[in-house]
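Note: the block below is run.cif and it holds mmCIF, C-alpha atoms.
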```cif
data_data
loop_
_atom_site.group_PDB
_atom_site.id
_atom_site.type_symbol
_atom_site.label_atom_id
_atom_site.label_comp_id
_atom_site.auth_asym_id
_atom_site.auth_seq_id
_atom_site.Cartn_x
_atom_site.Cartn_y
_atom_site.Cartn_z
ATOM 1 C CA MET V 155 112.235 108.009 115.504
ATOM 2 C CA GLY V 156 115.715 107.965 116.942
ATOM 3 C CA CYS V 157 117.394 109.465 113.869
ATOM 4 C CA ALA V 158 118.969 112.335 115.793
ATOM 5 C CA THR V 159 120.412 110.018 118.431
ATOM 6 C CA LEU V 160 121.894 107.760 115.797
ATOM 7 C CA LEU V 161 123.492 110.754 114.116
ATOM 8 C CA ILE V 162 125.393 111.489 117.320
ATOM 9 C CA LEU V 163 126.618 107.900 117.492
ATOM 10 C CA LEU V 164 127.628 107.882 113.865
ATOM 11 C CA HIS V 165 129.398 111.208 114.302
ATOM 12 C CA VAL V 166 131.810 109.391 116.615
ATOM 13 C CA VAL V 167 132.009 106.305 114.416
ATOM 14 C CA ALA V 168 132.760 108.469 111.376
ATOM 15 C CA HIS V 169 136.251 109.191 112.652
ATOM 16 C CA LEU V 170 137.009 105.476 112.540
ATOM 17 C CA VAL V 171 135.791 104.860 109.003
ATOM 18 C CA SER V 172 136.502 106.476 105.679
ATOM 19 C CA GLY V 173 134.037 107.822 103.144
ATOM 20 C CA GLU V 174 130.327 108.364 103.617
ATOM 21 C CA ILE V 175 128.112 107.030 106.385
ATOM 22 C CA ARG V 176 125.424 104.655 105.164
ATOM 23 C CA LEU V 177 122.464 104.645 107.524
ATOM 24 C CA GLY V 178 119.866 101.888 107.229
ATOM 25 C CA LEU V 179 116.213 102.562 107.977
ATOM 26 C CA ILE V 180 113.567 99.822 108.231
ATOM 27 C CA GLU V 181 110.364 101.745 107.541
ATOM 28 C CA SER V 182 107.433 101.285 105.142
ATOM 29 C CA ASP V 183 105.768 104.661 105.663
ATOM 30 C CA PRO V 184 107.272 107.154 103.175
ATOM 31 C CA ARG V 185 106.299 110.044 105.441
ATOM 32 C CA LEU V 186 108.499 108.714 108.235
ATOM 33 C CA VAL V 187 111.324 108.111 105.778
ATOM 34 C CA ARG V 188 111.091 111.768 104.756
ATOM 35 C CA ALA V 189 110.966 112.804 108.425
ATOM 36 C CA CYS V 190 114.201 110.917 109.114
ATOM 37 C CA ASP V 191 115.777 112.465 106.051
ATOM 38 C CA PHE V 192 114.698 115.891 107.320
ATOM 39 C CA ALA V 193 116.375 115.151 110.685
ATOM 40 C CA ILE V 194 119.608 114.317 108.862
ATOM 41 C CA ARG V 195 119.502 117.505 106.800
ATOM 42 C CA LYS V 196 118.739 119.629 109.860
ATOM 43 C CA ALA V 197 121.585 118.034 111.824
ATOM 44 C CA ARG V 198 123.979 118.843 109.002
ATOM 45 C CA ALA V 199 122.642 122.374 108.680
ATOM 46 C CA ASP V 200 123.042 122.922 112.445
ATOM 47 C CA GLY V 201 126.576 121.562 112.396
ATOM 48 C CA VAL V 202 125.771 118.541 114.567
ATOM 49 C CA CYS V 203 126.907 116.161 111.842
ATOM 50 C CA ARG V 204 129.304 117.187 109.073
ATOM 51 C CA GLU V 205 129.759 113.795 107.439
ATOM 52 C CA SER V 206 128.080 112.770 104.205
ATOM 53 C CA ILE V 207 125.161 110.486 105.017
ATOM 54 C CA VAL V 208 123.322 108.139 102.678
ATOM 55 C CA LEU V 209 119.927 107.014 103.977
ATOM 56 C CA VAL V 210 119.226 103.477 102.775
ATOM 57 C CA ASN V 211 115.567 102.568 103.238
ATOM 58 C CA ALA V 212 113.929 99.142 103.240
ATOM 59 C CA THR V 213 110.432 98.088 104.256
ATOM 60 C CA GLY V 214 109.414 96.319 107.446
ATOM 61 C CA CYS V 215 106.543 95.638 109.824
ATOM 62 C CA GLU V 216 104.142 94.752 107.008
ATOM 63 C CA GLU V 217 102.615 91.467 108.163
ATOM 64 C CA SER V 218 99.187 93.095 108.467
ATOM 65 C CA LYS V 219 99.346 93.986 104.784
ATOM 66 C CA GLY V 220 99.714 90.358 103.752
ATOM 67 C CA HIS V 221 103.497 90.411 103.446
ATOM 68 C CA GLU V 222 105.690 87.718 104.909
ATOM 69 C CA ALA V 223 106.340 88.009 108.644
ATOM 70 C CA ALA V 224 109.845 89.141 109.620
ATOM 71 C CA GLY V 225 110.345 90.765 106.237
ATOM 72 C CA GLY V 226 111.981 93.687 107.996
ATOM 73 C CA THR V 227 114.572 91.352 109.493
ATOM 74 C CA ALA V 228 115.442 89.957 106.081
ATOM 75 C CA ASN V 229 115.672 93.468 104.662
ATOM 76 C CA ALA V 230 117.946 94.546 107.524
ATOM 77 C CA ALA V 231 120.288 91.653 106.736
ATOM 78 C CA LYS V 232 120.250 92.669 103.083
ATOM 79 C CA LEU V 233 121.165 96.246 103.985
ATOM 80 C CA LEU V 234 123.986 95.000 106.177
ATOM 81 C CA PHE V 235 125.573 92.565 103.763
ATOM 82 C CA GLU V 236 124.761 94.184 100.416
ATOM 83 C CA GLU V 237 124.540 97.902 101.192
ATOM 84 C CA ASN V 238 127.356 98.081 103.779
ATOM 85 C CA ILE V 239 125.414 100.170 106.274
ATOM 86 C CA SER V 240 127.201 101.564 109.362
ATOM 87 C CA GLY V 241 124.111 101.589 111.586
ATOM 88 C CA ILE V 242 120.389 100.976 111.361
ATOM 89 C CA VAL V 243 117.141 102.480 112.627
ATOM 90 C CA SER V 244 115.109 99.398 113.439
ATOM 91 C CA SER V 245 111.557 98.323 112.631
ATOM 92 C CA ARG V 246 108.441 99.529 114.431
ATOM 93 C CA CYS V 247 107.473 95.886 115.140
ATOM 94 C CA ALA V 248 108.871 94.340 118.317
ATOM 95 C CA ASP V 249 109.572 90.895 116.831
ATOM 96 C CA GLU V 250 111.512 92.303 113.898
ATOM 97 C CA SER V 251 113.392 94.728 116.123
ATOM 98 C CA TRP V 252 114.404 91.902 118.452
ATOM 99 C CA GLU V 253 115.757 89.867 115.534
ATOM 100 C CA ILE V 254 117.552 92.890 114.104
ATOM 101 C CA SER V 255 119.094 93.615 117.507
ATOM 102 C CA ARG V 256 120.532 90.090 117.639
ATOM 103 C CA LEU V 257 121.873 90.470 114.105
ATOM 104 C CA SER V 258 123.513 93.744 115.088
ATOM 105 C CA TYR V 259 125.122 92.088 118.108
ATOM 106 C CA PHE V 260 126.949 89.519 115.987
ATOM 107 C CA GLU V 261 127.868 92.056 113.302
ATOM 108 C CA ASN V 262 128.767 94.759 115.852
ATOM 109 C CA ILE V 263 126.804 97.661 114.381
ATOM 110 C CA PRO V 264 124.637 100.138 116.334
ATOM 111 C CA VAL V 265 120.876 99.692 116.156
ATOM 112 C CA ILE V 266 118.365 102.325 117.197
ATOM 113 C CA ASN V 267 115.285 100.832 118.840
ATOM 114 C CA ARG V 268 112.118 102.924 118.448
ATOM 115 C CA ILE V 269 109.907 100.648 120.565
ATOM 116 C CA GLY V 270 109.333 101.516 124.206
ATOM 117 C CA SER V 271 106.867 98.725 125.049
ATOM 118 C CA SER V 272 109.269 95.752 124.992
ATOM 119 C CA ARG V 273 111.240 94.948 128.136
ATOM 120 C CA THR V 274 113.485 92.605 126.166
ATOM 121 C CA LEU V 275 114.623 95.341 123.803
ATOM 122 C CA LEU V 276 115.338 97.632 126.761
ATOM 123 C CA ASN V 277 117.746 95.103 128.292
ATOM 124 C CA ASN V 278 121.205 96.507 127.535
ATOM 125 C CA GLU V 279 123.009 93.447 128.848
ATOM 126 C CA GLN V 280 121.158 91.283 126.377
ATOM 127 C CA ASN V 281 121.307 93.839 123.573
ATOM 128 C CA PRO V 282 124.573 95.770 124.047
ATOM 129 C CA THR V 283 124.574 97.221 120.510
ATOM 130 C CA THR V 284 120.988 98.476 120.748
ATOM 131 C CA VAL V 285 120.138 102.026 121.837
ATOM 132 C CA ALA V 286 116.595 102.804 123.011
ATOM 133 C CA THR V 287 115.313 106.196 121.864
ATOM 134 C CA ALA V 288 111.563 105.943 122.515
ATOM 135 C CA THR V 289 110.423 109.009 124.454
ATOM 136 C CA THR V 290 108.086 106.829 126.522
ATOM 137 C CA THR V 291 108.767 103.271 127.659
ATOM 138 C CA VAL V 292 106.891 100.563 129.510
ATOM 139 C CA VAL V 293 109.517 100.830 132.259
ATOM 140 C CA GLY V 294 108.909 104.565 132.651
ATOM 141 C CA PHE V 295 105.143 104.080 132.795
ATOM 142 C CA ALA V 296 105.493 101.335 135.411
ATOM 143 C CA MET V 297 107.699 103.527 137.593
ATOM 144 C CA ALA V 298 105.262 106.449 137.305
ATOM 145 C CA ILE V 299 102.269 104.279 138.220
ATOM 146 C CA SER V 300 104.227 102.880 141.164
ATOM 147 C CA LYS V 301 104.800 106.429 142.429
ATOM 148 C CA ILE V 302 101.093 107.235 142.025
ATOM 149 C CA MET V 303 100.168 104.134 144.026
ATOM 150 C CA GLN V 304 102.572 105.118 146.793
ATOM 151 C CA PHE V 305 101.288 108.701 146.904
ATOM 152 C CA TYR V 306 97.593 107.723 147.071
ATOM 153 C CA ASN V 307 98.175 104.567 149.157
ATOM 154 C CA PHE V 308 96.771 102.229 146.516
ATOM 155 C CA THR V 309 97.632 98.557 147.020
ATOM 156 C CA SER V 310 96.286 97.227 143.702
ATOM 157 C CA TYR V 311 95.167 98.385 140.279
ATOM 158 C CA ASP V 312 93.258 97.242 137.190
ATOM 159 C CA ILE V 313 94.571 97.555 133.646
ATOM 160 C CA VAL V 314 92.216 98.282 130.765
ATOM 161 C CA THR V 315 93.439 97.860 127.185
ATOM 162 C CA SER V 316 91.773 98.065 123.787
ATOM 163 C CA THR V 317 91.134 94.289 123.941
ATOM 164 C CA SER V 318 89.587 94.238 127.414
ATOM 165 C CA ASN V 319 85.986 93.070 127.751
ATOM 166 C CA ILE V 320 85.386 96.248 129.681
ATOM 167 C CA HIS V 321 85.155 98.124 126.384
ATOM 168 C CA ASP V 322 81.959 96.269 125.517
ATOM 169 C CA LYS V 323 80.254 97.079 128.797
ATOM 170 C CA THR V 324 77.779 99.921 128.949
ATOM 171 C CA THR V 325 76.500 100.112 132.516
ATOM 172 C CA THR V 326 78.121 100.868 135.825
ATOM 173 C CA ASP V 327 77.123 97.493 137.286
ATOM 174 C CA GLU V 328 78.708 95.634 134.379
ATOM 175 C CA PHE V 329 81.832 97.756 134.680
ATOM 176 C CA LEU V 330 82.152 96.964 138.379
ATOM 177 C CA ALA V 331 81.570 93.270 137.684
ATOM 178 C CA VAL V 332 84.725 92.848 135.605
ATOM 179 C CA ILE V 333 87.224 94.702 137.796
ATOM 180 C CA ASP V 334 88.715 94.206 141.224
ATOM 181 C CA LEU V 335 86.444 96.075 143.627
ATOM 182 C CA ASN V 336 89.309 96.314 146.111
ATOM 183 C CA SER V 337 91.201 98.447 143.600
ATOM 184 C CA ARG V 338 90.334 102.063 143.028
ATOM 185 C CA LEU V 339 93.043 102.707 140.443
ATOM 186 C CA ILE V 340 92.142 102.050 136.799
ATOM 187 C CA VAL V 341 95.046 102.203 134.330
ATOM 188 C CA LEU V 342 93.951 102.706 130.728
ATOM 189 C CA ILE V 343 96.609 101.776 128.162
ATOM 190 C CA GLY V 344 96.181 102.708 124.516
ATOM 191 C CA ASP V 345 95.718 105.598 122.117
ATOM 192 C CA THR V 346 93.118 108.351 121.896
ATOM 193 C CA LYS V 347 90.651 106.157 119.969
ATOM 194 C CA ALA V 348 90.829 103.400 122.579
ATOM 195 C CA ALA V 349 90.385 105.934 125.373
ATOM 196 C CA GLY V 350 87.492 107.653 123.622
ATOM 197 C CA HIS V 351 85.770 104.305 123.075
ATOM 198 C CA PHE V 352 86.291 103.348 126.708
ATOM 199 C CA TYR V 353 84.931 106.616 128.070
ATOM 200 C CA THR V 354 81.776 106.437 125.948
ATOM 201 C CA LYS V 355 81.033 102.852 127.008
ATOM 202 C CA ILE V 356 80.730 103.553 130.736
ATOM 203 C CA ASP V 357 78.797 105.914 132.964
ATOM 204 C CA LEU V 358 81.841 108.027 133.721
ATOM 205 C CA ASN V 359 80.298 110.325 136.331
ATOM 206 C CA LEU V 360 78.987 107.451 138.432
ATOM 207 C CA ILE V 361 82.311 105.626 138.256
ATOM 208 C CA VAL V 362 84.210 108.709 139.398
ATOM 209 C CA THR V 363 81.803 109.432 142.242
ATOM 210 C CA SER V 364 82.273 105.803 143.335
ATOM 211 C CA GLY V 365 85.845 106.700 144.209
ATOM 212 C CA PHE V 366 87.787 105.411 141.216
ATOM 213 C CA MET V 367 90.856 107.149 139.818
ATOM 214 C CA PHE V 368 91.818 106.862 136.146
ATOM 215 C CA VAL V 369 95.351 106.938 134.732
ATOM 216 C CA PHE V 370 95.707 107.090 130.942
ATOM 217 C CA ALA V 371 99.096 105.825 129.708
ATOM 218 C CA CYS V 372 99.621 107.100 126.159
ATOM 219 C CA GLU V 373 102.738 107.042 123.967
ATOM 220 C CA ASP V 374 101.776 110.017 121.784
ATOM 221 C CA ALA V 375 102.175 113.734 122.403
ATOM 222 C CA PRO V 376 99.658 115.024 125.000
ATOM 223 C CA GLU V 377 97.588 116.924 122.427
ATOM 224 C CA MET V 378 97.218 113.783 120.333
ATOM 225 C CA CYS V 379 96.417 111.546 123.313
ATOM 226 C CA VAL V 380 93.290 113.496 124.239
ATOM 227 C CA SER V 381 92.218 114.615 120.763
ATOM 228 C CA GLU V 382 89.093 112.404 120.823
ATOM 229 C CA CYS V 383 88.366 112.402 124.552
ATOM 230 C CA ARG V 384 89.407 115.793 125.905
ATOM 231 C CA ASP V 385 86.167 116.500 127.807
ATOM 232 C CA GLN V 386 85.992 113.003 129.292
ATOM 233 C CA VAL V 387 89.589 113.194 130.497
ATOM 234 C CA ARG V 388 88.947 116.560 132.132
ATOM 235 C CA ASN V 389 85.584 115.620 133.682
ATOM 236 C CA SER V 390 86.908 112.368 135.114
ATOM 237 C CA ARG V 391 90.076 114.049 136.403
ATOM 238 C CA THR V 392 92.110 111.424 134.588
ATOM 239 C CA LEU V 393 95.872 111.544 135.127
ATOM 240 C CA LEU V 394 97.591 111.553 131.740
ATOM 241 C CA LEU V 395 100.931 109.741 131.543
ATOM 242 C CA THR V 396 102.900 110.697 128.467
ATOM 243 C CA HIS V 397 106.289 112.067 127.545
ATOM 244 C CA LYS V 398 107.105 115.745 127.950
ATOM 245 C CA PHE V 399 106.513 117.286 124.550
ATOM 246 C CA ASP V 400 106.300 121.061 124.654
ATOM 247 C CA ASP V 401 103.885 122.364 122.016
ATOM 248 C CA GLY V 402 103.813 119.001 120.279
ATOM 249 C CA ALA V 403 101.226 119.909 117.637
ATOM 250 C CA ALA V 404 103.256 122.889 116.439
ATOM 251 C CA THR V 405 106.394 120.749 116.321
ATOM 252 C CA PHE V 406 104.700 118.099 114.209
ATOM 253 C CA ASN V 407 103.308 120.746 111.870
ATOM 254 C CA GLU V 408 106.784 122.234 111.429
ATOM 255 C CA ILE V 409 108.178 118.824 110.525
ATOM 256 C CA LEU V 410 105.384 118.205 108.029
ATOM 257 C CA LYS V 411 106.131 121.522 106.334
ATOM 258 C CA ASN V 412 109.754 120.548 105.777
ATOM 259 C CA ILE V 413 109.732 116.862 104.884
ATOM 260 C CA SER V 414 108.402 117.562 101.402
ATOM 261 C CA PHE V 415 111.689 119.236 100.417
ATOM 262 C CA GLU V 416 114.222 117.534 98.187
ATOM 263 C CA PRO V 417 116.462 115.323 100.338
ATOM 264 C CA LEU V 418 120.015 116.335 101.106
ATOM 265 C CA ALA V 419 120.916 112.716 101.824
ATOM 266 C CA THR V 420 120.392 110.067 99.187
ATOM 267 C CA VAL V 421 117.477 107.750 99.901
ATOM 268 C CA ILE V 422 117.841 104.282 98.405
ATOM 269 C CA ASN V 423 114.866 101.944 98.599
ATOM 270 C CA ALA V 424 116.520 98.563 98.989
#
```
What would the structure in this file look like if it were written as structure tokens?
Amino acid sequence: MGCATLLILLHVVAHLVSGEIRLGLIESDPRLVRACDFAIRKARADGVCRESIVLVNATGCEESKGHEAAGGTANAAKLLFEENISGIVSSRCADESWEISRLSYFENIPVINRIGSSRTLLNNEQNPTTVATATTTVVGFAMAISKIMQFYNFTSYDIVTSTSNIHDKTTTDEFLAVIDLNSRLIVLIGDTKAAGHFYTKIDLNLIVTSGFMFVFACEDAPEMCVSECRDQVRNSRTLLLTHKFDDGAATFNEILKNISFEPLATVINA
């Protein structure tokens, strides 16, 4: 989420301000709010941050639920001007995060960006007050795929996403009809459900024996990326691109065990 990184930044800022640190968080999922609160408590317990921190939560990224678009941006402005926050963990929606980053630029407060798929948000010259904390980014994936192409002497590639027509194809001939036959590198971008759906819609063995290589770019922990397509990934010798997350499942379980505790920081739902 970027909470730990923001704590380090605010630890420095704390020496320049008096009183408590008020940290804004644009998040609608109460589980993630509790996870951020747990990160704050753990940082204090480990001595990383000794200052008093108030977590001020407001909703965002809710357009799919029928709420007004850019509601997270409006809530971020409210936190800034009415709640006097010292920094903010931004929305999980790219549009809202972009708007919040521009707001932070003019108000000169640090913003933690949790989105790794937006090149605009990763531009530090354009967003000097925004810090990217996503463990995987579109830039990192592109660099990794470039290295793979160089190593295997590929000159082109095809990208398959959850919206590609390729997902509706069921035969090898149809699969070959919608991709570049001069390319032997297929880059699948999505989550485990998208990958599982893709693998079940094609004759995987025939595609592999035809000389194609698959690369699965996934933003989740490795265990989660292959949870619904483990056998297909192994049988097709798919290269999995994800962030390094040692024993990710155990880490997530440990977090889930702790976020139900009473918060050490005060959570205010603005």
> Which polymer residues, protein or nucleic acid, are no farther than 10 Å from (116.4, 88.8, 115.4), counting all atoms listed in the file, as an NGL selection string?
Replying inline: :V and (224 or 226-228 or 230-231 or 248-259)
>> Is it possible to get the residues within 9 Å of (86.2, 112.7, 141.2) (coordinates as in the file, counting only C-alpha atoms) written as a ChimeraX atom specification?
In response: /V:359,361-367,389-392
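Residues within 7 Å of V:Ile266, counting only C-alpha atoms and excluding same-chain residues fewer than 2 positions away, are Gly156, Leu160, Ile242, Val243, Ser244, Pro264, Arg268, Thr284, Val285, Ala286 and Thr287 of chain V.
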> For this file, the PyMOL selection byres ((chain V and resi 297-304) around 12) selects which residues, as a PyMOL selection string?
Replying inline: chain V and resi 290-296+305-313+337-343+367-371+393-397
>> Could you tell me how far atom CA of V:Gly214 sits from atom CA of V:Arg185, in Å to one decimal place?
In response: 14.2 Å
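The space between atom CA of V:Thr274 and atom CA of V:Glu237 spans 27.8 Å.
Between atom CA of V:Gly350 and atom CA of V:Cys379 the interatomic distance comes to 9.7 Å.
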